[in-house]
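Participant: Contents are mmCIF, C-alpha atoms; file name entry-v1.cif:
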data_data
#
loop_
_atom_site.label_atom_id
_atom_site.label_comp_id
_atom_site.auth_asym_id
_atom_site.auth_seq_id
_atom_site.Cartn_x
_atom_site.Cartn_y
_atom_site.Cartn_z
CA MET A 1 17.09 -31.00 12.96
CA PHE A 2 14.15 -29.28 11.23
CA LYS A 3 11.77 -32.18 10.67
CA GLY A 4 8.21 -31.21 11.52
CA LYS A 5 9.23 -27.72 12.69
CA LYS A 6 7.24 -24.75 11.42
CA VAL A 7 9.74 -22.15 10.15
CA LEU A 8 8.81 -18.63 9.08
CA VAL A 9 10.87 -17.25 6.20
CA VAL A 10 10.57 -13.48 5.74
CA GLY A 11 11.16 -12.11 2.23
CA ALA A 12 10.37 -13.64 -1.14
CA GLY A 13 13.62 -12.75 -2.92
CA LEU A 14 16.39 -15.17 -3.94
CA SER A 15 17.52 -15.75 -0.35
CA GLY A 16 14.01 -16.34 0.93
CA ILE A 17 13.12 -18.74 -1.87
CA GLY A 18 16.41 -20.58 -1.34
CA ALA A 19 15.70 -20.91 2.38
CA VAL A 20 12.18 -22.24 1.74
CA LYS A 21 13.43 -24.89 -0.68
CA LEU A 22 16.17 -26.02 1.71
CA LEU A 23 13.79 -26.22 4.65
CA ALA A 24 11.26 -28.21 2.64
CA ARG A 25 13.94 -30.70 1.56
CA MET A 26 14.97 -31.13 5.19
CA GLY A 27 11.46 -32.02 6.30
CA ALA A 28 10.48 -28.69 7.86
CA GLU A 29 7.16 -26.93 7.30
CA PRO A 30 8.20 -23.56 5.85
CA VAL A 31 5.84 -20.59 5.89
CA LEU A 32 6.78 -17.72 3.56
CA TYR A 33 5.85 -14.13 4.41
CA ASP A 34 6.51 -10.96 2.44
CA GLY A 35 5.37 -7.60 3.76
CA ASN A 36 4.82 -6.23 0.26
CA GLU A 37 1.08 -6.27 -0.34
CA ALA A 38 1.60 -5.76 -4.07
CA VAL A 39 3.21 -9.19 -4.40
CA THR A 40 0.68 -11.96 -5.01
CA ARG A 41 0.79 -15.50 -3.70
CA GLU A 42 0.67 -16.73 -7.28
CA GLU A 43 3.82 -14.78 -8.17
CA ILE A 44 5.65 -16.20 -5.18
CA GLN A 45 4.45 -19.74 -5.89
CA LYS A 46 5.90 -19.49 -9.41
CA LYS A 47 9.32 -18.75 -7.89
CA LEU A 48 9.04 -22.05 -6.05
CA ASP A 49 8.82 -23.82 -9.44
CA GLY A 50 5.47 -25.29 -8.49
CA GLY A 51 7.11 -28.24 -6.80
CA ILE A 52 6.67 -27.03 -3.23
CA GLN A 53 3.27 -26.15 -1.87
CA ILE A 54 3.55 -24.05 1.28
CA GLU A 55 1.64 -21.44 3.25
CA ILE A 56 2.27 -17.98 1.78
CA TYR A 57 1.24 -14.66 3.32
CA THR A 58 1.71 -11.11 2.03
CA GLY A 59 1.05 -7.76 3.62
CA SER A 60 0.22 -8.99 7.11
CA LEU A 61 0.79 -12.21 9.03
CA PRO A 62 -2.07 -13.77 11.06
CA GLU A 63 -1.48 -13.94 14.80
CA GLU A 64 -2.43 -17.62 14.93
CA ILE A 65 0.40 -18.40 12.50
CA LYS A 66 2.93 -16.46 14.58
CA LYS A 67 2.11 -18.63 17.58
CA GLN A 68 3.00 -21.81 15.66
CA ILE A 69 6.50 -20.75 14.57
CA HIS A 70 9.61 -22.53 15.95
CA LEU A 71 12.25 -20.58 13.99
CA LEU A 72 12.43 -17.26 12.12
CA VAL A 73 14.60 -16.91 8.99
CA PRO A 74 14.69 -13.28 7.80
CA SER A 75 16.18 -12.50 4.40
CA PRO A 76 19.35 -10.34 4.44
CA GLY A 77 17.37 -7.28 3.37
CA VAL A 78 15.23 -7.44 6.53
CA PRO A 79 16.87 -5.38 9.34
CA CYS A 80 17.18 -7.01 12.73
CA ASP A 81 15.49 -4.06 14.42
CA VAL A 82 12.20 -4.18 12.47
CA GLY A 83 8.99 -5.12 14.25
CA ILE A 84 8.55 -8.72 13.16
CA VAL A 85 12.13 -9.70 14.01
CA LYS A 86 12.06 -7.95 17.39
CA GLU A 87 8.70 -9.55 18.16
CA PHE A 88 10.01 -13.08 17.66
CA LYS A 89 13.25 -12.35 19.52
CA ASP A 90 11.26 -11.03 22.48
CA ARG A 91 9.28 -14.27 22.51
CA GLY A 92 12.50 -16.29 22.64
CA ILE A 93 12.15 -17.69 19.11
CA PRO A 94 15.54 -18.34 17.43
CA VAL A 95 16.40 -16.02 14.54
CA TRP A 96 18.75 -17.45 11.92
CA GLY A 97 19.63 -15.82 8.64
CA GLU A 98 19.97 -17.71 5.38
CA VAL A 99 23.73 -18.17 5.90
CA GLU A 100 23.27 -19.70 9.35
CA LEU A 101 20.56 -22.00 8.01
CA ALA A 102 22.73 -23.15 5.10
CA PHE A 103 25.79 -23.65 7.30
CA ARG A 104 23.89 -26.01 9.58
CA ALA A 105 22.85 -28.09 6.57
CA ALA A 106 26.19 -28.04 4.73
CA LYS A 107 29.26 -30.30 4.91
CA GLY A 108 32.92 -30.01 3.99
CA LYS A 109 35.37 -27.13 4.29
CA LEU A 110 34.29 -23.49 4.14
CA ALA A 111 36.09 -20.27 3.23
CA ALA A 112 34.03 -17.15 3.94
CA ILE A 113 34.86 -13.69 2.62
CA THR A 114 33.49 -10.29 3.63
CA GLY A 115 34.53 -6.66 3.36
CA THR A 116 33.11 -3.38 2.16
CA ASN A 117 34.85 -3.65 -1.21
CA GLY A 118 36.42 -6.43 -3.27
CA LYS A 119 34.29 -9.36 -2.05
CA THR A 120 33.05 -10.42 -5.47
CA THR A 121 36.42 -10.37 -7.22
CA THR A 122 38.18 -12.11 -4.34
CA THR A 123 35.48 -14.77 -3.97
CA SER A 124 35.48 -15.43 -7.72
CA LEU A 125 39.27 -15.75 -7.77
CA VAL A 126 39.38 -18.03 -4.74
CA GLY A 127 36.73 -20.18 -6.40
CA GLU A 128 38.84 -20.50 -9.56
CA ILE A 129 41.97 -21.28 -7.56
CA LEU A 130 40.31 -23.98 -5.48
CA LYS A 131 38.86 -25.58 -8.61
CA GLU A 132 42.50 -26.23 -9.57
CA ALA A 133 43.08 -28.03 -6.27
CA TYR A 134 39.75 -29.73 -5.42
CA ARG A 135 37.20 -31.73 -7.36
CA ASP A 136 33.99 -30.38 -5.79
CA VAL A 137 33.94 -26.61 -5.26
CA PHE A 138 30.85 -24.50 -4.59
CA VAL A 139 30.95 -20.69 -4.93
CA VAL A 140 27.96 -19.17 -3.16
CA GLY A 141 26.49 -16.03 -1.63
CA ASN A 142 25.95 -12.62 -3.15
CA ILE A 143 28.14 -13.68 -6.07
CA GLY A 144 25.74 -16.30 -7.46
CA ASP A 145 23.51 -18.99 -6.04
CA PRO A 146 22.39 -18.53 -2.43
CA TYR A 147 24.25 -20.71 0.06
CA THR A 148 20.95 -22.44 0.81
CA ALA A 149 20.62 -23.55 -2.83
CA GLU A 150 23.92 -25.46 -2.68
CA ALA A 151 24.13 -26.61 0.96
CA LEU A 152 22.64 -30.08 0.48
CA LYS A 153 24.93 -30.73 -2.51
CA THR A 154 28.05 -30.39 -0.37
CA THR A 155 29.92 -33.44 0.94
CA GLU A 156 32.61 -34.09 3.52
CA SER A 157 35.22 -33.77 0.75
CA SER A 158 33.82 -30.66 -0.94
CA VAL A 159 34.91 -27.05 -0.51
CA THR A 160 32.61 -24.03 -0.37
CA VAL A 161 33.68 -20.42 -1.00
CA ALA A 162 31.11 -17.93 0.27
CA GLU A 163 30.77 -14.19 -0.25
CA ILE A 164 29.09 -12.93 2.91
CA SER A 165 27.61 -9.48 3.54
CA SER A 166 27.29 -7.61 6.82
CA PHE A 167 23.50 -8.07 6.56
CA GLN A 168 23.96 -11.85 6.52
CA LEU A 169 26.47 -11.77 9.35
CA GLU A 170 24.00 -10.05 11.68
CA THR A 171 22.10 -13.31 12.04
CA VAL A 172 24.83 -15.95 12.39
CA GLU A 173 25.04 -18.09 15.48
CA SER A 174 27.16 -21.22 14.97
CA PHE A 175 28.58 -20.20 11.56
CA HIS A 176 32.22 -21.34 11.55
CA PRO A 177 34.45 -21.20 8.45
CA GLN A 178 37.88 -22.81 8.49
CA VAL A 179 39.24 -19.71 6.74
CA SER A 180 37.64 -16.28 6.95
CA ALA A 181 38.63 -12.94 5.45
CA ILE A 182 37.72 -9.32 6.12
CA LEU A 183 39.14 -7.42 3.16
CA ASN A 184 38.40 -3.91 4.46
CA VAL A 185 35.82 -1.94 6.42
CA THR A 186 34.91 1.53 5.16
CA PRO A 187 31.71 3.58 5.62
CA ASP A 188 28.77 1.76 4.07
CA HIS A 189 25.25 0.66 5.00
CA LEU A 190 25.13 3.10 7.90
CA ASN A 191 21.41 3.52 7.29
CA ARG A 192 21.16 -0.11 8.38
CA HIS A 193 23.92 -0.40 10.99
CA HIS A 194 23.69 3.26 12.18
CA THR A 195 27.33 3.51 13.37
CA MET A 196 30.69 2.45 11.98
CA GLU A 197 31.32 0.50 15.18
CA ALA A 198 28.15 -1.56 14.65
CA TYR A 199 29.00 -2.08 10.98
CA ALA A 200 32.51 -3.25 11.85
CA LYS A 201 31.15 -5.59 14.54
CA ALA A 202 28.83 -7.15 11.97
CA LYS A 203 31.80 -7.82 9.68
CA GLU A 204 33.85 -9.23 12.56
CA ALA A 205 31.13 -11.82 13.24
CA ILE A 206 32.55 -13.83 10.33
CA ALA A 207 35.31 -14.99 12.71
CA ARG A 208 33.26 -15.14 15.91
CA ASN A 209 33.30 -18.93 16.25
CA GLN A 210 36.78 -19.52 14.90
CA THR A 211 39.66 -20.77 17.06
CA LYS A 212 43.43 -20.54 16.77
CA LYS A 213 43.28 -23.70 14.63
CA ASP A 214 41.47 -21.60 11.99
CA LEU A 215 42.70 -18.64 9.93
CA CYS A 216 41.41 -15.12 9.40
CA VAL A 217 42.90 -13.08 6.54
CA LEU A 218 43.02 -9.35 7.33
CA ASN A 219 44.08 -6.12 5.64
CA TYR A 220 46.89 -4.45 7.62
CA GLU A 221 46.21 -1.10 5.93
CA ASN A 222 42.63 -0.75 7.16
CA GLU A 223 42.22 0.74 10.62
CA TYR A 224 39.25 -1.45 11.53
CA THR A 225 40.74 -4.76 10.41
CA ARG A 226 44.11 -3.91 11.94
CA ALA A 227 42.44 -3.20 15.29
CA PHE A 228 40.38 -6.40 15.03
CA GLY A 229 43.55 -8.42 14.45
CA ARG A 230 44.59 -7.81 18.05
CA ASP A 231 41.52 -9.61 19.42
CA CYS A 232 40.69 -11.99 16.57
CA PRO A 233 39.94 -15.50 17.90
CA ALA A 234 41.56 -17.12 14.84
CA GLY A 235 45.16 -17.18 13.71
CA VAL A 236 45.68 -13.99 11.67
CA VAL A 237 47.27 -13.80 8.21
CA TRP A 238 48.00 -10.21 7.16
CA PHE A 239 48.28 -8.63 3.73
CA SER A 240 49.46 -5.10 2.91
CA SER A 241 49.77 -3.00 -0.23
CA LYS A 242 51.72 -0.20 1.49
CA ARG A 243 54.44 -1.71 3.66
CA GLU A 244 56.65 -4.74 4.02
CA LEU A 245 55.49 -7.15 6.71
CA GLU A 246 57.55 -9.43 8.91
CA ALA A 247 54.95 -12.12 8.32
CA GLY A 248 52.28 -12.14 5.62
CA TYR A 249 51.74 -10.98 2.06
CA PHE A 250 52.93 -7.57 0.87
CA LEU A 251 53.82 -5.52 -2.20
CA ARG A 252 57.46 -4.70 -2.92
CA ASP A 253 58.54 -3.06 -6.19
CA ASP A 254 55.46 -4.33 -8.09
CA LYS A 255 56.00 -7.86 -6.75
CA ILE A 256 53.61 -9.66 -4.41
CA CYS A 257 55.80 -11.28 -1.75
CA LEU A 258 55.31 -13.68 1.13
CA ALA A 259 57.27 -13.23 4.36
CA GLN A 260 57.34 -16.45 6.38
CA ASP A 261 59.74 -17.76 9.04
CA GLY A 262 62.22 -14.98 8.28
CA ILE A 263 62.29 -15.73 4.55
CA VAL A 264 60.80 -13.44 1.87
CA THR A 265 59.63 -15.12 -1.35
CA GLU A 266 58.58 -13.23 -4.48
CA LEU A 267 55.35 -14.79 -5.80
CA LEU A 268 54.34 -12.76 -8.85
CA ASP A 269 54.78 -9.52 -10.77
CA ILE A 270 51.54 -7.53 -10.68
CA HIS A 271 52.08 -6.26 -14.24
CA LYS A 272 53.33 -9.44 -15.90
CA ASP A 273 51.63 -12.24 -13.98
CA MET A 274 48.05 -11.02 -13.40
CA ASN A 275 45.34 -9.51 -15.57
CA LEU A 276 43.52 -7.53 -12.88
CA VAL A 277 44.65 -3.95 -12.45
CA GLY A 278 44.54 -1.27 -9.75
CA ILE A 279 45.80 -1.37 -6.19
CA CYS A 280 42.41 -2.58 -4.96
CA ASN A 281 42.82 -5.67 -7.15
CA VAL A 282 46.39 -6.18 -5.95
CA GLU A 283 44.92 -6.38 -2.45
CA ASN A 284 42.20 -8.75 -3.68
CA VAL A 285 44.82 -11.04 -5.22
CA MET A 286 46.93 -11.05 -2.04
CA ALA A 287 43.86 -11.91 0.00
CA ALA A 288 42.85 -14.64 -2.44
CA ILE A 289 46.31 -16.21 -2.28
CA ALA A 290 46.25 -16.13 1.53
CA ILE A 291 42.76 -17.64 1.69
CA SER A 292 43.62 -20.37 -0.80
CA ARG A 293 46.82 -21.31 1.04
CA GLY A 294 44.74 -21.48 4.19
CA MET A 295 42.51 -23.96 2.37
CA GLN A 296 45.61 -26.04 1.59
CA ALA A 297 45.80 -25.25 -2.13
CA PRO A 298 49.37 -25.70 -3.49
CA MET A 299 51.12 -22.44 -4.37
CA ASP A 300 51.85 -23.52 -7.97
CA LYS A 301 48.14 -24.08 -8.61
CA ILE A 302 47.30 -20.76 -6.93
CA LEU A 303 49.67 -18.78 -9.13
CA LYS A 304 48.48 -20.59 -12.25
CA ALA A 305 44.86 -19.63 -11.51
CA VAL A 306 45.79 -16.03 -10.68
CA GLY A 307 47.57 -15.70 -14.01
CA ALA A 308 44.57 -17.03 -15.93
CA PHE A 309 41.90 -15.01 -14.08
CA LYS A 310 40.26 -12.14 -15.98
CA ALA A 311 37.43 -9.79 -15.20
CA VAL A 312 34.23 -10.81 -16.97
CA GLU A 313 33.62 -8.73 -20.10
CA HIS A 314 31.19 -5.87 -19.46
CA ARG A 315 31.23 -6.67 -15.71
CA ILE A 316 33.48 -4.16 -13.94
CA GLU A 317 35.91 -4.71 -16.81
CA PHE A 318 39.03 -2.58 -16.79
CA VAL A 319 39.44 -0.99 -20.24
CA ALA A 320 42.49 1.30 -20.07
CA THR A 321 44.23 4.11 -18.25
CA LYS A 322 44.23 7.34 -20.25
CA ALA A 323 45.82 10.56 -18.95
CA GLY A 324 45.92 9.08 -15.44
CA VAL A 325 42.22 8.12 -15.44
CA ASP A 326 41.11 4.47 -15.17
CA TYR A 327 38.11 3.51 -17.32
CA TYR A 328 35.82 0.62 -16.32
CA ASN A 329 33.06 -0.97 -18.38
CA ASP A 330 30.22 -2.33 -16.25
CA SER A 331 27.56 -2.22 -18.96
CA LYS A 332 26.17 -5.49 -17.61
CA GLY A 333 25.06 -3.57 -14.52
CA THR A 334 21.54 -3.32 -15.93
CA ASN A 335 19.70 -2.96 -12.62
CA PRO A 336 20.40 -1.07 -9.40
CA ASP A 337 21.53 -4.13 -7.45
CA ALA A 338 24.10 -5.08 -10.08
CA ALA A 339 25.26 -1.48 -10.46
CA ILE A 340 25.83 -1.18 -6.70
CA GLN A 341 28.52 -3.85 -7.07
CA GLY A 342 30.19 -1.70 -9.73
CA ILE A 343 30.28 1.26 -7.37
CA ARG A 344 31.66 -0.85 -4.54
CA ALA A 345 34.48 -2.08 -6.76
CA MET A 346 35.80 1.47 -7.24
CA CYS A 347 38.59 2.54 -4.90
CA ARG A 348 39.02 6.15 -6.11
CA PRO A 349 36.86 9.22 -6.92
CA THR A 350 34.56 8.15 -9.75
CA VAL A 351 32.66 9.81 -12.59
CA LEU A 352 29.69 7.56 -13.25
CA ILE A 353 27.46 7.13 -16.32
CA GLY A 354 23.95 6.04 -15.38
CA GLY A 355 20.50 5.80 -16.91
CA GLY A 356 18.77 4.04 -19.78
CA TYR A 357 15.56 2.12 -20.34
CA ASP A 358 12.97 2.35 -17.57
CA LYS A 359 12.21 -1.09 -16.09
CA GLN A 360 10.26 0.56 -13.25
CA ASN A 361 13.09 0.01 -10.80
CA GLU A 362 13.76 2.13 -7.74
CA TYR A 363 17.19 3.73 -7.42
CA ASP A 364 17.41 4.65 -3.73
CA ALA A 365 19.88 1.95 -2.70
CA TRP A 366 22.05 2.67 -5.73
CA ILE A 367 22.21 6.40 -4.93
CA GLU A 368 22.99 5.61 -1.30
CA ALA A 369 25.97 3.53 -2.46
CA PHE A 370 27.52 6.66 -4.01
CA GLU A 371 28.63 8.03 -0.66
CA GLY A 372 32.30 8.97 -0.68
CA LYS A 373 32.94 7.57 -4.16
CA VAL A 374 30.91 9.20 -6.95
CA LYS A 375 32.07 12.76 -7.67
CA LEU A 376 29.77 13.25 -10.69
CA LEU A 377 26.81 11.34 -12.13
CA VAL A 378 26.26 11.73 -15.88
CA LEU A 379 22.68 10.74 -16.75
CA ILE A 380 21.40 9.49 -20.10
CA GLY A 381 18.32 7.82 -21.50
CA GLN A 382 14.70 7.47 -20.52
CA THR A 383 15.34 7.29 -16.77
CA ARG A 384 17.54 10.34 -16.38
CA GLU A 385 14.90 12.61 -14.81
CA LYS A 386 13.65 9.83 -12.53
CA ILE A 387 17.17 9.10 -11.29
CA ALA A 388 17.91 12.82 -10.87
CA GLU A 389 14.82 13.20 -8.66
CA CYS A 390 15.91 10.20 -6.59
CA ALA A 391 19.45 11.59 -6.27
CA ALA A 392 18.16 14.99 -5.13
CA LYS A 393 15.91 13.30 -2.59
CA HIS A 394 19.00 11.68 -1.08
CA GLY A 395 20.94 14.95 -1.10
CA PHE A 396 23.14 14.07 -4.07
CA GLU A 397 23.18 17.09 -6.39
CA GLN A 398 26.33 16.37 -8.44
CA TYR A 399 24.60 15.20 -11.62
CA VAL A 400 24.31 16.43 -15.20
CA PHE A 401 22.25 15.36 -18.21
CA ALA A 402 23.67 14.25 -21.57
CA ASP A 403 21.57 13.92 -24.73
CA SER A 404 23.74 11.23 -26.30
CA PHE A 405 26.25 8.61 -25.25
CA GLU A 406 29.04 10.51 -26.98
CA GLU A 407 28.16 13.66 -25.07
CA ALA A 408 28.17 11.67 -21.82
CA MET A 409 31.66 10.40 -22.58
CA ASP A 410 32.86 13.92 -23.43
CA ILE A 411 31.57 15.13 -20.05
CA CYS A 412 33.34 12.27 -18.26
CA VAL A 413 36.69 13.02 -19.89
CA LYS A 414 36.38 16.71 -19.04
CA ASN A 415 35.52 16.11 -15.37
CA ALA A 416 37.75 13.15 -14.47
CA GLY A 417 41.11 14.21 -13.06
CA PHE A 418 44.39 12.37 -12.63
CA GLY A 419 43.86 9.41 -10.27
CA ASP A 420 40.08 9.29 -10.82
CA ALA A 421 38.00 6.58 -12.47
CA VAL A 422 35.26 6.71 -15.11
CA LEU A 423 32.68 3.96 -14.72
CA LEU A 424 29.90 2.93 -17.08
CA SER A 425 27.47 1.17 -14.74
CA PRO A 426 24.01 2.42 -15.77
CA ALA A 427 21.67 0.52 -13.39
CA CYS A 428 19.31 0.35 -16.38
CA ALA A 429 18.78 -1.74 -19.49
CA SER A 430 20.26 -0.44 -22.73
CA TRP A 431 17.10 -0.55 -24.85
CA GLY A 432 16.04 2.67 -26.49
CA MET A 433 19.63 3.79 -27.09
CA PHE A 434 21.31 0.43 -27.85
CA PRO A 435 20.22 -3.06 -28.96
CA ASP A 436 21.76 -4.61 -25.82
CA TYR A 437 24.28 -4.04 -23.03
CA GLU A 438 27.10 -5.54 -25.09
CA VAL A 439 26.76 -2.90 -27.81
CA ARG A 440 26.69 -0.21 -25.12
CA GLY A 441 29.80 -1.62 -23.46
CA ASN A 442 31.66 -2.00 -26.72
CA MET A 443 30.88 1.61 -27.66
CA PHE A 444 32.29 2.72 -24.31
CA LYS A 445 35.48 0.73 -24.91
CA GLU A 446 35.88 2.03 -28.45
CA TYR A 447 35.58 5.63 -27.25
CA VAL A 448 38.13 5.06 -24.48
CA MET A 449 40.66 3.40 -26.74
CA LYS A 450 40.61 6.43 -29.08
CA LEU A 451 41.56 8.78 -26.24
CA LYS A 452 45.12 10.09 -26.10
CA GLU A 453 47.46 8.66 -23.46
#
So that I can check it, write out the structure of this file as structure tokens.

Facilitator:
Amino acid sequence: MFKGKKVLVVGAGLSGIGAVKLLARMGAEPVLYDGNEAVTREEIQKKLDGGIQIEIYTGSLPEEIKKQIHLLVPSPGVPCDVGIVKEFKDRGIPVWGEVELAFRAAKGKLAAITGTNGKTTTTSLVGEILKEAYRDVFVVGNIGDPYTAEALKTTESSVTVAEISSFQLETVESFHPQVSAILNVTPDHLNRHHTMEAYAKAKEAIARNQTKKDLCVLNYENEYTRAFGRDCPAGVVWFSSKRELEAGYFLRDDKICLAQDGIVTELLDIHKDMNLVGICNVENVMAAIAISRGMQAPMDKILKAVGAFKAVEHRIEFVATKAGVDYYNDSKGTNPDAAIQGIRAMCRPTVLIGGGYDKQNEYDAWIEAFEGKVKLLVLIGQTREKIAECAAKHGFEQYVFADSFEEAMDICVKNAGFGDAVLLSPACASWGMFPDYEVRGNMFKEYVMKLKE
């Protein structure tokens, strides 16, 4: 399929490097381009582990190279409306994202999961469930290894679970999972997609090539997914946390139930039979059950895996509810990208603790992820002024400084009201105030557990 073809990969991050390695293994001639002039060819070559020698360009791309390209593979962070992508589209050159590229190389069954919130938890849980039912299971996407890194390891009998973002879905063409899921669609990434309609359309592309033989799991309580269900090309499986459904998964008296063929079956008690907490996680569990059943996993194995599944310590870890406020420890969110996932996991107004050691990161994308969720940002550590300046630049003025971690926690308790969340997700390393992120997270948990109910 790719043998002898010259393929331009744009972006030298994880996705770009994964795409280059896959293309090289498939006999293509990858060319890697990164528009950042500050990145050196030597730095990029190191990411390739020295085993692949390819053409690498930074800053600008020679015109003679552009004329030789058969396929363009932009990384997810490269918008489809930027100059280089538009230029190749106008010339009739195919544009495939990393997900499309990997799909064409992969084998076996595929479950693909998207949504504004809950993707990581749901994908992780589905992965654990399917490992109970299948021998070879690959969990890929934003959650871990790029899809391209695992595609050639898949077989006709393997199963892949993929967390897929709207950025990745913009550049799919033949991508066709047997089971897809859109967990929810709420305002996000509008700087990229510009309108909610465009953002929703990007999410809906996950099911574009499905047929009625396939399944799409949708949230009945989200206006966008409910509307999409009317025109979805796949067979729809609904889940709801607010009402009883005639068919699908729903919550009744703290029990997750399945309505099927006129019969309602209680599956599990959300307090006794699962470790994840919060209504957002109830929805994630319902979706994970629906996806796993769609992948032919037996219900007994599904419920066993749900009961054993726990949030990773220090990674969006629920600590306790005190005075109606939920406390989450995401101390492992030591960079902006990781901390964005912590923000996305929140489904209520949130008081956020941020700041720490300065690793020379930029915080723009993190601040942009606050929209509609963060009610107050409590800043600590070496980076607090830098983050405050970035927040102000983006029009976010709801921040305060704390001189110690204890003071930051005091501020959080004072400002978080009933039904809110307090999240430690600093987007920075812990050094300077703590030996490591684990000590920081444990201090957070100790403080919370001493609070009165």

Participant: Expand the PyMOL selection byres ((chain A and resi 218) around 12) into the individual residues it matches in the shown file, reporting them as a count of residues only.

Facilitator: 48

Participant: Given the file shown, determine the residues that the PyMOL selection byres ((chain A and resi 374-382) around 8) selects; report them as an NGL selection string.

Facilitator: :A and (343 or 349-358 or 370-373 or 383-385 or 387-388 or 398-405 or 408 or 411-412 or 415 or 432-433)

Participant: For a quick check of understanding, using only C-alpha atoms, which of A:Val172, A:Ala106, A:Ala391, A:Ala345 has the smallest distance to Ser157 in chain A?

Facilitator: A:Ala106

Participant: Between A:Arg243, A:Lys201, A:Lys119, A:Lys109, which residue has the minimum interatomic distance to Ile164 in chain A, considering only C-alpha atoms?

Facilitator: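 For Ile164 in chain A, the nearest of the given residues is A:Lys119.
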
Participant: Give me, as a count of residues only, all polymer residues having an atom no more than 7 Å from Phe418 in chain A, counting all atoms listed in the file and skipping those fewer than 5 positions away in the same chain.

Facilitator: 3

Participant: How would you write, as a ChimeraX atom specification, the residues chosen by the PyMOL selection byres ((chain A and resi 453) around 7) on this structure?

Facilitator: /A:322-323,451-452

Participant: Using Å and a single decimal, report how far CA of Tyr147 in chain A sits from CA of Leu169 in chain A.

Facilitator: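 Between CA of Leu169 in chain A and CA of Tyr147 in chain A the gap works out to 13.1 Å.
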
Participant: Rounded to one decimal place, report the CA of Val448 in chain A-CA of Ala421 in chain A distance in Å.

Facilitator: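 Interatomic distance, CA of Val448 in chain A to CA of Ala421 in chain A: 12.1 Å.
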
Participant: One number please: CA of Gln68 in chain A to CA of Ala19 in chain A, in Å, one decimal.

Facilitator: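 Calculated distance between CA of Gln68 in chain A and CA of Ala19 in chain A is 18.4 Å.
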
Participant: Quick one: of A:Ala320, A:Ser15, A:Val39, A:Arg315, who's nearest to Gln168 in chain A, counting all atoms listed in the file?

Facilitator: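 Answer, going by the shortest atom-to-atom distance: A:Ser15.
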
Participant: Taking (25.0, -18.1, 16.6) in the coordinates of the supplied file, I want to know which residues reach to within 10 Å of it, counting all atoms listed in the file; could you give the answer as a list in words?

Facilitator: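 Those residues, ordered by chain and then number, are Pro94, Val95, Trp96, Gly97, Glu100, Leu169, Glu170, Thr171, Val172, Glu173, Ser174, Phe175, His176, Ala205, Arg208 and Asn209 of chain A.
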
Participant: Near range 2-4 of chain A, counting only C-alpha atoms, which residues have an atom at most 8 Å away, once you skip same-chain residues fewer than 3 positions from it, shown as a ChimeraX atom specification?

Facilitator: /A:23,26-29

Participant: Measuring atom to atom with only C-alpha atoms, identify which of A:Glu163, A:Leu8, A:Lys89, A:Thr154 is nearest to Ile56 in chain A.

Facilitator: A:Leu8

Participant: For a quick check of your reading of the model, name the residues lying within 10 Å of the coordinate (3.1, -10.3, 5.5), counting all atoms listed in the file, and write them as a JSON list (two decimals) with C-alpha atoms, keeping the file's coordinate frame.

Facilitator:
[["chain", "number", "residue", "atom", "x", "y", "z"],
["A", 10, "VAL", "CA", 10.57, -13.48, 5.74],
["A", 11, "GLY", "CA", 11.16, -12.11, 2.23],
["A", 32, "LEU", "CA", 6.78, -17.72, 3.56],
["A", 33, "TYR", "CA", 5.85, -14.13, 4.41],
["A", 34, "ASP", "CA", 6.51, -10.96, 2.44],
["A", 35, "GLY", "CA", 5.37, -7.60, 3.76],
["A", 36, "ASN", "CA", 4.82, -6.23, 0.26],
["A", 37, "GLU", "CA", 1.08, -6.27, -0.34],
["A", 39, "VAL", "CA", 3.21, -9.19, -4.40],
["A", 56, "ILE", "CA", 2.27, -17.98, 1.78],
["A", 57, "TYR", "CA", 1.24, -14.66, 3.32],
["A", 58, "THR", "CA", 1.71, -11.11, 2.03],
["A", 59, "GLY", "CA", 1.05, -7.76, 3.62],
["A", 60, "SER", "CA", 0.22, -8.99, 7.11],
["A", 61, "LEU", "CA", 0.79, -12.21, 9.03],
["A", 62, "PRO", "CA", -2.07, -13.77, 11.06],
["A", 84, "ILE", "CA", 8.55, -8.72, 13.16]]

Participant: Neighbours of Tyr328 in chain A within 12 Å (all atoms listed in the file; same-chain residues fewer than 6 positions away dropped), as number ranges by chain?

Facilitator: A: 276-278, 311-322, 342-343, 345-347, 350-353, 420-426, 441-442, 444-445, 448-449

Participant: Just checking: using all atoms listed in the file, which residue out of A:Gly108, A:Arg348, A:Ile129, A:Asn275 ends up closest to Asp300 in chain A?

Facilitator: A:Ile129
